[in-house]
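S.K.: File structure.txt follows (compact mmCIF, C-alpha atoms and all ligand atoms):
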```txt
# COMPACT_ATOMS: atom_id res chain seq x y z
CA MET A 1 -12.60 -22.12 9.08
CA PHE A 2 -12.48 -18.51 10.27
CA SER A 3 -14.93 -18.81 13.16
CA GLN A 4 -12.64 -17.22 15.77
CA LYS A 5 -11.66 -14.31 13.54
CA GLN A 6 -13.00 -10.87 14.38
CA ALA A 7 -10.94 -8.60 12.15
CA LEU A 8 -9.39 -8.65 8.69
CA LEU A 9 -6.05 -6.90 8.23
CA LEU A 10 -6.15 -6.12 4.52
CA ASP A 11 -3.28 -5.45 2.18
CA MET A 12 -4.20 -2.84 -0.48
CA ASN A 13 -2.16 -3.11 -3.71
CA SER A 14 -3.29 -6.05 -5.87
CA THR A 15 -5.70 -7.01 -3.06
CA PHE A 16 -8.39 -4.34 -3.53
CA MET A 17 -6.52 -1.72 -5.55
CA PHE A 18 -5.24 -2.42 -9.05
CA ASP A 19 -3.16 -0.85 -11.84
CA GLU A 20 -0.90 0.78 -9.25
CA ASP A 21 2.79 1.66 -9.66
CA ARG A 22 2.83 3.05 -13.18
CA PHE A 23 6.58 3.64 -13.31
CA GLY A 24 7.50 1.93 -16.58
CA GLU A 25 10.24 3.27 -18.83
CA THR A 26 7.77 4.89 -21.20
CA GLU A 27 5.80 6.82 -18.54
CA ASP A 28 5.71 10.56 -19.13
CA TYR A 29 5.47 12.10 -15.66
CA SER A 30 5.42 15.62 -17.04
CA ILE A 31 1.76 15.25 -18.15
CA HIS A 32 0.45 15.18 -14.59
CA TYR A 33 3.20 17.41 -13.26
CA HIS A 34 2.42 20.23 -15.70
CA LYS A 35 -1.30 19.93 -14.81
CA THR A 36 -0.32 20.74 -11.22
CA GLY A 37 1.36 23.95 -12.48
CA GLY A 38 4.93 22.69 -12.28
CA LEU A 39 7.50 24.79 -14.14
CA LEU A 40 10.35 22.35 -14.81
CA PRO A 41 10.80 21.12 -18.39
CA LYS A 42 9.50 17.66 -19.37
CA LYS A 43 12.93 16.03 -19.63
CA GLU A 44 14.02 17.28 -16.23
CA VAL A 45 10.91 16.19 -14.33
CA ASN A 46 11.00 12.76 -15.98
CA THR A 47 14.65 12.33 -14.98
CA ILE A 48 13.93 13.41 -11.38
CA ILE A 49 11.06 10.95 -10.94
CA ARG A 50 12.87 8.06 -12.66
CA SER A 51 15.91 8.60 -10.42
CA ALA A 52 13.81 8.83 -7.25
CA TYR A 53 11.90 5.70 -8.23
CA ALA A 54 15.14 3.78 -8.93
CA TYR A 55 16.53 4.90 -5.55
CA LEU A 56 13.47 3.57 -3.70
CA ASP A 57 13.04 0.46 -5.86
CA GLU A 58 16.61 -0.63 -5.06
CA ARG A 59 16.02 -0.25 -1.32
CA TYR A 60 12.51 -1.69 -1.05
CA PRO A 61 13.59 -5.37 -0.90
CA ASP A 62 16.65 -4.58 1.22
CA GLU A 63 16.29 -5.78 4.81
CA LYS A 64 18.47 -2.86 5.94
CA TYR A 65 15.63 -0.43 5.19
CA ARG A 66 12.77 -2.50 6.66
CA TYR A 67 12.39 -0.16 9.62
CA SER A 68 13.57 3.08 8.01
CA PHE A 69 12.38 3.16 4.42
CA PRO A 70 13.07 6.58 2.86
CA SER A 71 10.28 8.94 1.85
CA VAL A 72 9.74 10.03 -1.76
CA GLU A 73 10.88 13.54 -0.81
CA ASN A 74 14.02 12.08 0.70
CA ALA A 75 14.65 10.05 -2.48
CA ILE A 76 14.22 13.17 -4.63
CA GLN A 77 16.65 15.14 -2.50
CA LYS A 78 19.21 12.31 -2.56
CA THR A 79 19.13 11.92 -6.34
CA VAL A 80 18.42 15.36 -7.77
CA ALA A 81 21.29 17.14 -9.54
CA CYS A 82 20.42 20.68 -8.47
CA GLU A 83 18.49 22.19 -5.61
CA LEU A 84 14.71 22.45 -6.06
CA GLU A 85 12.31 24.93 -4.54
CA ASN A 86 9.91 23.52 -1.96
CA ASN A 87 6.83 24.12 -4.07
CA GLU A 88 8.43 22.19 -6.97
CA ILE A 89 9.25 19.29 -4.63
CA THR A 90 5.59 19.27 -3.51
CA LYS A 91 4.43 19.05 -7.15
CA ILE A 92 6.91 16.27 -7.93
CA VAL A 93 5.79 14.27 -4.87
CA ASP A 94 2.18 14.81 -5.96
CA THR A 95 3.08 13.48 -9.43
CA PHE A 96 4.87 10.49 -7.92
CA SER A 97 1.79 9.61 -5.84
CA PHE A 98 -0.46 10.02 -8.90
CA HIS A 99 1.61 7.33 -10.66
CA GLU A 100 1.85 5.16 -7.55
CA MET A 101 -1.88 5.05 -6.85
CA GLY A 102 -4.16 2.61 -8.65
CA TYR A 103 -7.96 2.36 -8.72
CA ILE A 104 -10.50 0.40 -6.69
CA PRO A 105 -12.99 -1.47 -8.91
CA ASP A 106 -16.66 -1.07 -7.92
CA GLU A 107 -17.09 -4.78 -7.17
CA TYR A 108 -14.23 -4.56 -4.66
CA ILE A 109 -15.88 -1.59 -2.96
CA THR A 110 -19.05 -3.70 -2.64
CA ALA A 111 -17.01 -6.65 -1.33
CA LEU A 112 -15.37 -4.47 1.35
CA HIS A 113 -18.80 -3.32 2.55
CA LYS A 114 -19.99 -6.93 2.59
CA LEU A 115 -16.95 -8.12 4.55
CA ASN A 116 -17.53 -5.31 7.04
CA TYR A 117 -20.92 -6.81 8.01
CA LYS A 118 -19.05 -9.76 9.46
CA TYR A 119 -15.62 -8.41 10.40
CA LYS A 120 -13.91 -5.33 11.68
CA LEU A 121 -11.68 -4.17 8.82
CA ALA A 122 -8.20 -2.69 8.95
CA VAL A 123 -5.51 -1.95 6.39
CA VAL A 124 -1.78 -2.66 6.49
CA ILE A 125 -0.45 -0.71 3.54
CA ASP A 126 2.99 -0.22 2.00
CA ILE A 127 3.13 2.98 -0.04
CA TRP A 128 6.07 5.21 -0.81
CA SER A 129 4.27 8.55 -1.18
CA PRO A 130 2.44 10.35 1.64
CA LYS A 131 -0.99 8.81 2.27
CA SER A 132 -3.14 11.90 1.53
CA ALA A 133 -4.04 10.94 -2.07
CA TRP A 134 -5.15 7.46 -0.93
CA LEU A 135 -7.25 8.83 1.92
CA LYS A 136 -8.96 11.12 -0.59
CA LEU A 137 -9.70 8.17 -2.88
CA PHE A 138 -10.99 6.08 0.05
CA SER A 139 -13.30 8.95 0.96
CA GLU A 140 -14.51 9.40 -2.65
CA SER A 141 -15.13 5.64 -2.85
CA GLY A 142 -17.13 5.65 0.38
CA ILE A 143 -14.83 3.18 2.13
CA GLU A 144 -12.90 5.44 4.51
CA LYS A 145 -15.16 4.67 7.45
CA LEU A 146 -14.85 0.90 6.96
CA PHE A 147 -11.35 0.79 8.39
CA ALA A 148 -11.21 0.69 12.17
CA ALA A 149 -7.41 0.72 12.15
CA SER A 150 -4.65 1.39 9.64
CA SER A 151 -0.95 1.38 9.01
CA PHE A 152 0.60 3.30 6.11
CA SER A 153 4.32 2.63 5.73
CA SER A 154 5.01 6.19 4.58
CA ASP A 155 3.79 7.42 7.99
CA HIS A 156 6.48 5.56 9.92
CA GLY A 157 8.97 4.06 7.46
CA MET A 158 8.35 0.41 8.42
CA VAL A 159 7.67 -1.80 5.40
CA LYS A 160 6.35 -5.35 5.17
CA PRO A 161 7.44 -8.07 5.88
CA SER A 162 8.34 -6.31 9.13
CA PRO A 163 5.89 -7.72 11.68
CA GLU A 164 5.63 -4.32 13.39
CA PRO A 165 2.91 -2.71 11.17
CA PHE A 166 0.74 -5.82 11.71
CA ALA A 167 1.35 -5.74 15.48
CA GLN A 168 0.47 -2.02 15.59
CA VAL A 169 -2.83 -2.63 13.82
CA ILE A 170 -3.69 -5.55 16.13
CA ALA A 171 -3.03 -3.20 19.06
CA GLN A 172 -5.21 -0.45 17.52
CA LEU A 173 -8.02 -2.99 17.08
CA ALA A 174 -7.55 -4.18 20.68
CA ILE A 175 -7.83 -7.84 19.67
CA ARG A 176 -5.66 -10.89 20.21
CA ASN A 177 -3.45 -12.17 17.39
CA ASN A 178 -5.60 -15.26 16.89
CA GLN A 179 -8.66 -13.04 16.34
CA GLY A 180 -7.06 -11.32 13.35
CA LEU A 181 -6.63 -12.56 9.80
CA VAL A 182 -4.26 -10.96 7.30
CA VAL A 183 -5.54 -10.92 3.72
CA GLY A 184 -3.00 -10.13 1.02
CA ASP A 185 -1.51 -11.16 -2.30
CA SER A 186 2.19 -11.32 -1.46
CA ILE A 187 3.81 -14.44 -0.05
CA ARG A 188 6.86 -12.53 1.10
CA ARG A 189 5.35 -9.30 2.39
CA ASP A 190 1.85 -10.27 3.59
CA LEU A 191 2.21 -13.93 4.53
CA GLY A 192 5.80 -13.39 5.67
CA GLY A 193 4.92 -10.36 7.79
CA ALA A 194 1.79 -11.98 9.23
CA LYS A 195 3.73 -15.10 10.14
CA ALA A 196 6.48 -13.06 11.80
CA ALA A 197 3.79 -11.22 13.80
CA GLY A 198 2.04 -14.47 14.77
CA ILE A 199 -1.17 -13.79 12.81
CA ASP A 200 -2.94 -16.15 10.39
CA CYS A 201 -3.01 -15.19 6.73
CA VAL A 202 -5.00 -16.01 3.63
CA LEU A 203 -3.59 -15.33 0.18
CA VAL A 204 -5.68 -13.73 -2.54
CA GLY A 205 -4.63 -13.07 -6.11
CA GLY A 206 -3.44 -16.48 -7.24
CA ALA A 207 -0.36 -17.11 -5.08
CA GLU A 208 -0.37 -20.31 -3.02
CA HIS A 209 1.71 -21.32 -0.03
CA PRO A 210 1.37 -24.10 2.56
CA ASP A 211 1.71 -21.59 5.45
CA ALA A 212 -1.44 -19.74 4.34
CA MET A 213 -4.72 -20.75 6.02
CA ALA A 214 -6.33 -20.72 2.58
CA CYS A 215 -5.71 -19.35 -0.91
CA TYR A 216 -8.28 -17.62 -3.12
CA GLU A 217 -8.29 -16.41 -6.68
CA ASN A 218 -9.03 -12.88 -5.46
CA LEU A 219 -10.74 -10.92 -2.67
CA LEU A 220 -14.14 -11.35 -4.37
CA ASP A 221 -13.74 -15.11 -4.26
CA PHE A 222 -12.82 -14.90 -0.54
CA CYS A 223 -15.85 -12.65 0.06
CA HIS A 224 -18.22 -15.06 -1.73
CA LYS A 225 -17.41 -17.74 0.86
CA PHE A 226 -19.48 -15.82 3.41
MG MG B 301 -0.23 -6.32 -2.35
```
Would you mind writing the file's structure down as structure tokens?
M.R.:
Amino acid sequence: MFSQKQALLLDMNSTFMFDEDRFGETEDYSIHYHKTGGLLPKKEVNTIIRSAYAYLDERYPDEKYRYSFPSVENAIQKTVACELENNEITKIVDTFSFHEMGYIPDEYITALHKLNYKYKLAVVIDIWSPKSAWLKLFSESGIEKLFAASSFSSDHGMVKPSPEPFAQVIAQLAIRNNQGLVVGDSIRRDLGGAKAAGIDCVLVGGAEHPDAMACYENLLDFCHKF
């Protein structure tokens, strides 16, 4: 079915990373923040992060921000009641990214290596925080060299389903659209973005849609087909 495909353009969250976005009402952000040496009291730091999260969460589905999604730092500065010192902002952004980032199960790390025998791999990732924490995790997990191309939305502010991040990765890979295959869990963001960019897509994670080339329970299931 995928005989002409040379490269997989992988989504990250809920595709090979899980338990991301821990921003529930009961989260205590001060635990991580105080470990980083932050000086603000618990109540204040929790309010700052909840407000910044709400600011971004409201805008994430809004088409108006598809090509200019705000950064976490920008969201903090827009919502904070009083001025913060730069080193405090850095610690709050670090805390935000700690709660935004999930983990990569070992079997998914193995699957990525296995898929890389057959395909060039790339990632098309929407994250709100700067990418440094994710790059560190990729490196610690031994997968950083698997990705021949990448797009992180927080680098350029373009979020899926904009077709642009997909088009940029296709250009980085120097392949034609019909040689790429998007693999993601979201009908709207991954399938929608892939379709808008003119690239085939398979869904993993349980969602099904007639526009997808195929649908799999998860990335491991997709990987087992090879
Ligand atoms: Mg996803």
S.K.: Could you give me, as JSON, numbers by chain, every polymer residue with an atom at most 10 Å away from an atom of ligand MG 301 (chain B), counting only C-alpha atoms and all ligand atoms?
M.R.: {"A": [10, 11, 12, 13, 14, 15, 16, 17, 18, 20, 124, 125, 126, 183, 184, 185, 186, 187, 189, 190, 203, 204, 205]}
S.K.: Give me the residues within 12 Å of A:Asp106 as a VMD selection string, counting all atoms listed in the file and dropping any in the same chain fewer than 3 places off.
M.R.: chain A and resid 16 to 18 103 109 to 113 140 to 143 220
S.K.: Quick one: residues within 9 Å of stretch 36-46 of chain A, all atoms listed in the file, excluding same-chain residues fewer than 2 positions away - as a list in words?
M.R.: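 Non-adjacent residues within range: Glu27, Asp28, Tyr29, Ser30, Ile31, His32, Tyr33, His34, Ile48, Ile49, Arg50, Ser51, Asn87, Glu88, Lys91, Ile92, Asp94 and Thr95 of chain A.
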S.K.: Report the distance between atom CA of A:Ala75 and atom CA of A:Arg188 in Å, rounded to one decimal place.
M.R.: 24.2 Å
S.K.: Find the residue from A:Ile170, A:Met101, A:Ala197, A:Leu181 that sits nearest to A:Trp128; use only C-alpha atoms when measuring.
M.R.: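 Ranked by minimum distance to A:Trp128, first place goes to A:Met101.
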S.K.: Using only C-alpha atoms, which residues sit within 12 Å of stretch 65-68 of chain A once same-chain residues fewer than 3 positions away are excluded, as a PDB file with C-alpha atoms, in the coordinates of the input?
M.R.:
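Now in around_31.pdb:
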```pdb
ATOM      1  CA  LEU A  56      13.470   3.570  -3.700  1.00  0.00           C
ATOM      2  CA  ASP A  57      13.040   0.460  -5.860  1.00  0.00           C
ATOM      3  CA  GLU A  58      16.610  -0.630  -5.060  1.00  0.00           C
ATOM      4  CA  ARG A  59      16.020  -0.250  -1.320  1.00  0.00           C
ATOM      5  CA  TYR A  60      12.510  -1.690  -1.050  1.00  0.00           C
ATOM      6  CA  PRO A  61      13.590  -5.370  -0.900  1.00  0.00           C
ATOM      7  CA  ASP A  62      16.650  -4.580   1.220  1.00  0.00           C
ATOM      8  CA  SER A  71      10.280   8.940   1.850  1.00  0.00           C
ATOM      9  CA  ASN A  74      14.020  12.080   0.700  1.00  0.00           C
ATOM     10  CA  ASP A 126       2.990  -0.220   2.000  1.00  0.00           C
ATOM     11  CA  TRP A 128       6.070   5.210  -0.810  1.00  0.00           C
ATOM     12  CA  SER A 153       4.320   2.630   5.730  1.00  0.00           C
ATOM     13  CA  SER A 154       5.010   6.190   4.580  1.00  0.00           C
ATOM     14  CA  ASP A 155       3.790   7.420   7.990  1.00  0.00           C
ATOM     15  CA  HIS A 156       6.480   5.560   9.920  1.00  0.00           C
ATOM     16  CA  GLY A 157       8.970   4.060   7.460  1.00  0.00           C
ATOM     17  CA  MET A 158       8.350   0.410   8.420  1.00  0.00           C
ATOM     18  CA  VAL A 159       7.670  -1.800   5.400  1.00  0.00           C
ATOM     19  CA  LYS A 160       6.350  -5.350   5.170  1.00  0.00           C
ATOM     20  CA  PRO A 161       7.440  -8.070   5.880  1.00  0.00           C
ATOM     21  CA  SER A 162       8.340  -6.310   9.130  1.00  0.00           C
ATOM     22  CA  PRO A 163       5.890  -7.720  11.680  1.00  0.00           C
ATOM     23  CA  GLU A 164       5.630  -4.320  13.390  1.00  0.00           C
ATOM     24  CA  PRO A 165       2.910  -2.710  11.170  1.00  0.00           C
ATOM     25  CA  ARG A 189       5.350  -9.300   2.390  1.00  0.00           C
ATOM     26  CA  GLY A 193       4.920 -10.360   7.790  1.00  0.00           C
TER      27      GLY A 193
END
```
S.K.: In Å, how far is it from atom CA of A:Lys145 to atom CA of A:Asn218?
M.R.: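 According to the coordinates, atom CA of A:Lys145 and atom CA of A:Asn218 are separated by 22.6 Å.
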S.K.: I need every residue sitting at most 8 Å from the point (-13.3, -15.2, 11.6) (coordinates as in the file, all atoms listed in the file considered), written as JSON, numbers by chain.
M.R.: {"A": [1, 2, 3, 4, 5, 6, 7, 119, 179, 180, 181]}
S.K.: Go ahead and dump the residues you just picked, C-alpha atoms, as a PDB file, keeping the file's coordinate frame.
M.R.:
```
ATOM      1  CA  MET A   1     -12.600 -22.120   9.080  1.00  0.00           C
ATOM      2  CA  PHE A   2     -12.480 -18.510  10.270  1.00  0.00           C
ATOM      3  CA  SER A   3     -14.930 -18.810  13.160  1.00  0.00           C
ATOM      4  CA  GLN A   4     -12.640 -17.220  15.770  1.00  0.00           C
ATOM      5  CA  LYS A   5     -11.660 -14.310  13.540  1.00  0.00           C
ATOM      6  CA  GLN A   6     -13.000 -10.870  14.380  1.00  0.00           C
ATOM      7  CA  ALA A   7     -10.940  -8.600  12.150  1.00  0.00           C
ATOM      8  CA  TYR A 119     -15.620  -8.410  10.400  1.00  0.00           C
ATOM      9  CA  GLN A 179      -8.660 -13.040  16.340  1.00  0.00           C
ATOM     10  CA  GLY A 180      -7.060 -11.320  13.350  1.00  0.00           C
ATOM     11  CA  LEU A 181      -6.630 -12.560   9.800  1.00  0.00           C
TER      12      LEU A 181
END
```
S.K.: Considering all atoms listed in the file, state which residue in the set A:Phe152, A:Ser129, A:Gly192, A:Ile199 is at the smallest distance from A:Ile175.
M.R.: A:Ile199
S.K.: Let me make sure I understand: among A:Lys225, A:Met213, A:Phe166, A:Ile127, which one has the smallest atom-to-atom distance to A:Pro70 if we use all atoms listed in the file?
M.R.: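 Under the stated criterion, the closest residue is A:Ile127.
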S.K.: Nearest to A:Asp19: which of A:Val182, A:Ser139, A:Glu100, A:Glu63 is it, counting only C-alpha atoms?
M.R.: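 Closest to A:Asp19, using only C-alpha atoms: A:Glu100.
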S.K.: Go ahead and compute the interatomic distance for atom CA of A:Asn116 and atom CA of A:Leu191, in Å to one decimal.
M.R.: 21.7 Å
S.K.: Within 7 Å of A:Leu173, counting only C-alpha atoms, which residues qualify if same-chain residues fewer than 4 places away don't, as an MDAnalysis selection string?
M.R.: chainID A and resid 148:149 169
S.K.: Could you check the closest approach to A:Tyr53 for each of A:Lys78, A:Phe23, A:Gly198, A:Glu73 and tell me which residue wins, using all atoms listed in the file?
M.R.: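 Smallest distance to A:Tyr53 is found for A:Phe23.
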S.K.: Closest to A:Lys131 among A:Ala174, A:Ala52, A:Val72, A:Cys82, using all atoms listed in the file?
M.R.: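 Among A:Ala174, A:Ala52, A:Val72, A:Cys82, it is A:Val72 that comes nearest to A:Lys131.
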